[in-house]
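Undergrad: Before I ask anything, let me first share the structure, which is written out below as C-alpha cells.
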Amino acid sequence: MINYKDIIKRNPNKRFGKPCVRNTRISVYDVLSWLASGMNNEGIINDFPELNIDDIKACLAYAADREHKLQHAS
C-alpha cells in the first residue's frame with residue numbers, strides 16, 4: 001500500500017481542514033466521489049492534471065486506513 005502520509009495533507013486554511021492532495025484544494029472526498037461516480041483514473045487525471053496516479057492511490061489508501069481505524073475503534 002502506498003504511504004499516503006506524504007501526499008494527503010490537512011491545512012486548516014484550505015477546505016476547512018479536510019484532507020487534501022498535497023498543496024491542492026482537491027480533497028480525498030472529491031477523488032473518492034469521482035471514482036464512485038464511475039470516473040476512471042485516466043479521466044480524473046485528464047480533468048485535473050495537477051493529480052497523478054499516486055495521488056489517486058493515496059486517496060484510496062487514506063480511505064482504507066481510516067475505515068480500518070474506525071472498525072478497530074468500536
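Chain labels A, B, ... are given in the sequence in which chains occur in the C-alpha cells; within each chain residues are numbered consecutively from 1, and ligands are likewise numbered from 1 in the order shown.
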Please provide the set of residues having any atom within 8 Å of range 46-62 of chain A, restricted to only C-alpha atoms, with same-chain residues fewer than 5 positions apart removed, written as a short mmCIF file (atom, residue, chain, number, x, y, z; two decimals) with N, CA and C atoms, in the first residue's frame.
TA:
data_model
loop_
_atom_site.label_atom_id
_atom_site.label_comp_id
_atom_site.auth_asym_id
_atom_site.auth_seq_id
_atom_site.Cartn_x
_atom_site.Cartn_y
_atom_site.Cartn_z
N MET A 1 0.85 -1.18 0.00
CA MET A 1 0.00 0.00 0.00
C MET A 1 0.89 1.24 0.00
N ILE A 2 0.48 2.24 -0.73
CA ILE A 2 1.23 3.49 -0.82
C ILE A 2 1.19 4.24 0.52
N ASN A 3 2.25 4.94 0.85
CA ASN A 3 2.29 5.75 2.07
C ASN A 3 1.61 7.08 1.78
N TYR A 4 0.34 7.16 2.11
CA TYR A 4 -0.44 8.35 1.79
C TYR A 4 -0.02 9.57 2.61
N ILE A 7 1.45 12.43 0.84
CA ILE A 7 0.64 13.05 -0.21
C ILE A 7 -0.59 13.75 0.35
N ILE A 8 -1.27 13.11 1.28
CA ILE A 8 -2.50 13.67 1.83
C ILE A 8 -2.15 14.58 3.00
N VAL A 21 -5.09 16.58 -1.38
CA VAL A 21 -3.91 16.09 -2.08
C VAL A 21 -2.86 17.19 -2.12
N THR A 24 -2.92 21.09 -3.18
CA THR A 24 -4.10 21.46 -3.97
C THR A 24 -5.29 21.69 -3.06
N VAL A 28 -9.67 14.44 -0.54
CA VAL A 28 -9.81 12.99 -0.67
C VAL A 28 -11.25 12.66 -1.05
N VAL A 31 -11.91 13.05 -4.80
CA VAL A 31 -11.36 11.96 -5.60
C VAL A 31 -12.21 10.70 -5.43
N LEU A 32 -12.57 10.36 -4.20
CA LEU A 32 -13.40 9.18 -3.97
C LEU A 32 -14.76 9.32 -4.62
N ASN A 41 -9.21 6.44 -13.46
CA ASN A 41 -8.01 7.22 -13.11
C ASN A 41 -7.62 8.16 -14.24
#
Undergrad: Please give the complete set of residues from chain A that DSSP, run on the backbone, assigns to strand (DSSP E or B), formatted as a PDB file with N, CA and C atoms, in the first residue's frame.
TA:
ATOM      1  N   ILE A   8      -1.269  13.111   1.282  1.00  0.00           N
ATOM      2  CA  ILE A   8      -2.504  13.667   1.834  1.00  0.00           C
ATOM      3  C   ILE A   8      -2.149  14.581   3.005  1.00  0.00           C
ATOM      4  N   LYS A   9      -2.581  15.820   2.905  1.00  0.00           N
ATOM      5  CA  LYS A   9      -2.254  16.828   3.921  1.00  0.00           C
ATOM      6  C   LYS A   9      -3.528  17.515   4.408  1.00  0.00           C
ATOM      7  N   ARG A  10      -3.489  17.948   5.648  1.00  0.00           N
ATOM      8  CA  ARG A  10      -4.568  18.771   6.215  1.00  0.00           C
ATOM      9  C   ARG A  10      -4.015  20.158   6.477  1.00  0.00           C
ATOM     10  N   PRO A  19      -8.855  16.633   4.514  1.00  0.00           N
ATOM     11  CA  PRO A  19      -7.637  16.061   3.923  1.00  0.00           C
ATOM     12  C   PRO A  19      -7.629  16.280   2.413  1.00  0.00           C
ATOM     13  N   CYS A  20      -6.550  16.876   1.926  1.00  0.00           N
ATOM     14  CA  CYS A  20      -6.419  17.210   0.513  1.00  0.00           C
ATOM     15  C   CYS A  20      -5.133  16.633  -0.063  1.00  0.00           C
ATOM     16  N   VAL A  21      -5.087  16.577  -1.381  1.00  0.00           N
ATOM     17  CA  VAL A  21      -3.907  16.087  -2.082  1.00  0.00           C
ATOM     18  C   VAL A  21      -2.863  17.189  -2.121  1.00  0.00           C
ATOM     19  N   SER A  27      -9.845  17.533  -2.426  1.00  0.00           N
ATOM     20  CA  SER A  27      -9.921  16.723  -1.212  1.00  0.00           C
ATOM     21  C   SER A  27      -9.976  15.230  -1.545  1.00  0.00           C
TER      22      SER A  27
END
Undergrad: At what distance in Å, to one decimal, does CA of Asn23 in chain A lie from CA of Arg66 in chain A?
TA: 20.8 Å
Undergrad: Measure the distance from CA of Arg25 in chain A to CA of His68 in chain A in Å and round it to one decimal.
TA: 25.3 Å
Undergrad: Enumerate the residues of chain A with a DSSP assignment of helix (DSSP H, G or I), computed from the backbone, and present them as a PyMOL selection string.
TA: chain A and resi 4-6+15-17+28-36+41-47+53-73
Undergrad: Please produce a file of those selected residues containing C-alpha atoms, as a PDB file, in the first residue's frame.
TA:
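Everything below was put into selection.pdb:
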ATOM      1  CA  TYR A   4      -0.443   8.355   1.792  1.00  0.00           C
ATOM      2  CA  LYS A   5       1.023  10.491   4.589  1.00  0.00           C
ATOM      3  CA  ASP A   6       3.480  12.048   2.125  1.00  0.00           C
ATOM      4  CA  ARG A  15     -11.188  23.369   2.522  1.00  0.00           C
ATOM      5  CA  PHE A  16     -11.912  23.777   6.252  1.00  0.00           C
ATOM      6  CA  GLY A  17      -9.090  21.394   7.156  1.00  0.00           C
ATOM      7  CA  VAL A  28      -9.810  12.989  -0.671  1.00  0.00           C
ATOM      8  CA  TYR A  29     -13.607  13.111  -0.717  1.00  0.00           C
ATOM      9  CA  ASP A  30     -13.541  14.718  -4.180  1.00  0.00           C
ATOM     10  CA  VAL A  31     -11.363  11.955  -5.603  1.00  0.00           C
ATOM     11  CA  LEU A  32     -13.397   9.182  -3.966  1.00  0.00           C
ATOM     12  CA  SER A  33     -16.623  10.743  -5.245  1.00  0.00           C
ATOM     13  CA  TRP A  34     -15.300  10.875  -8.798  1.00  0.00           C
ATOM     14  CA  LEU A  35     -14.262   7.230  -8.614  1.00  0.00           C
ATOM     15  CA  ALA A  36     -17.624   6.246  -7.127  1.00  0.00           C
ATOM     16  CA  ASN A  41      -8.007   7.216 -13.111  1.00  0.00           C
ATOM     17  CA  GLU A  42      -7.250   8.468 -16.613  1.00  0.00           C
ATOM     18  CA  GLY A  43     -10.403  10.591 -16.691  1.00  0.00           C
ATOM     19  CA  ILE A  44      -9.613  12.174 -13.335  1.00  0.00           C
ATOM     20  CA  ILE A  45      -6.039  12.957 -14.375  1.00  0.00           C
ATOM     21  CA  ASN A  46      -7.239  14.396 -17.695  1.00  0.00           C
ATOM     22  CA  ASP A  47      -9.714  16.672 -15.891  1.00  0.00           C
ATOM     23  CA  ILE A  53      -1.873   8.078 -10.290  1.00  0.00           C
ATOM     24  CA  ASP A  54      -0.030   8.063  -6.959  1.00  0.00           C
ATOM     25  CA  ASP A  55      -2.304  10.845  -5.706  1.00  0.00           C
ATOM     26  CA  ILE A  56      -5.375   8.756  -6.529  1.00  0.00           C
ATOM     27  CA  LYS A  57      -3.841   5.684  -4.881  1.00  0.00           C
ATOM     28  CA  ALA A  58      -3.018   7.803  -1.819  1.00  0.00           C
ATOM     29  CA  CYS A  59      -6.670   8.838  -1.535  1.00  0.00           C
ATOM     30  CA  LEU A  60      -7.731   5.199  -1.655  1.00  0.00           C
ATOM     31  CA  ALA A  61      -5.083   4.221   0.894  1.00  0.00           C
ATOM     32  CA  TYR A  62      -6.184   7.070   3.186  1.00  0.00           C
ATOM     33  CA  ALA A  63      -9.803   5.904   2.988  1.00  0.00           C
ATOM     34  CA  ALA A  64      -8.828   2.271   3.610  1.00  0.00           C
ATOM     35  CA  ASP A  65      -6.716   3.231   6.617  1.00  0.00           C
ATOM     36  CA  ARG A  66      -9.468   5.406   8.038  1.00  0.00           C
ATOM     37  CA  GLU A  67     -12.006   2.605   7.624  1.00  0.00           C
ATOM     38  CA  HIS A  68      -9.614   0.167   9.305  1.00  0.00           C
ATOM     39  CA  LYS A  69      -9.138   2.517  12.243  1.00  0.00           C
ATOM     40  CA  LEU A  70     -12.901   3.018  12.606  1.00  0.00           C
ATOM     41  CA  GLN A  71     -13.503  -0.736  12.713  1.00  0.00           C
ATOM     42  CA  HIS A  72     -10.914  -1.213  15.435  1.00  0.00           C
ATOM     43  CA  ALA A  73     -12.173   1.721  17.493  1.00  0.00           C
TER      44      ALA A  73
END
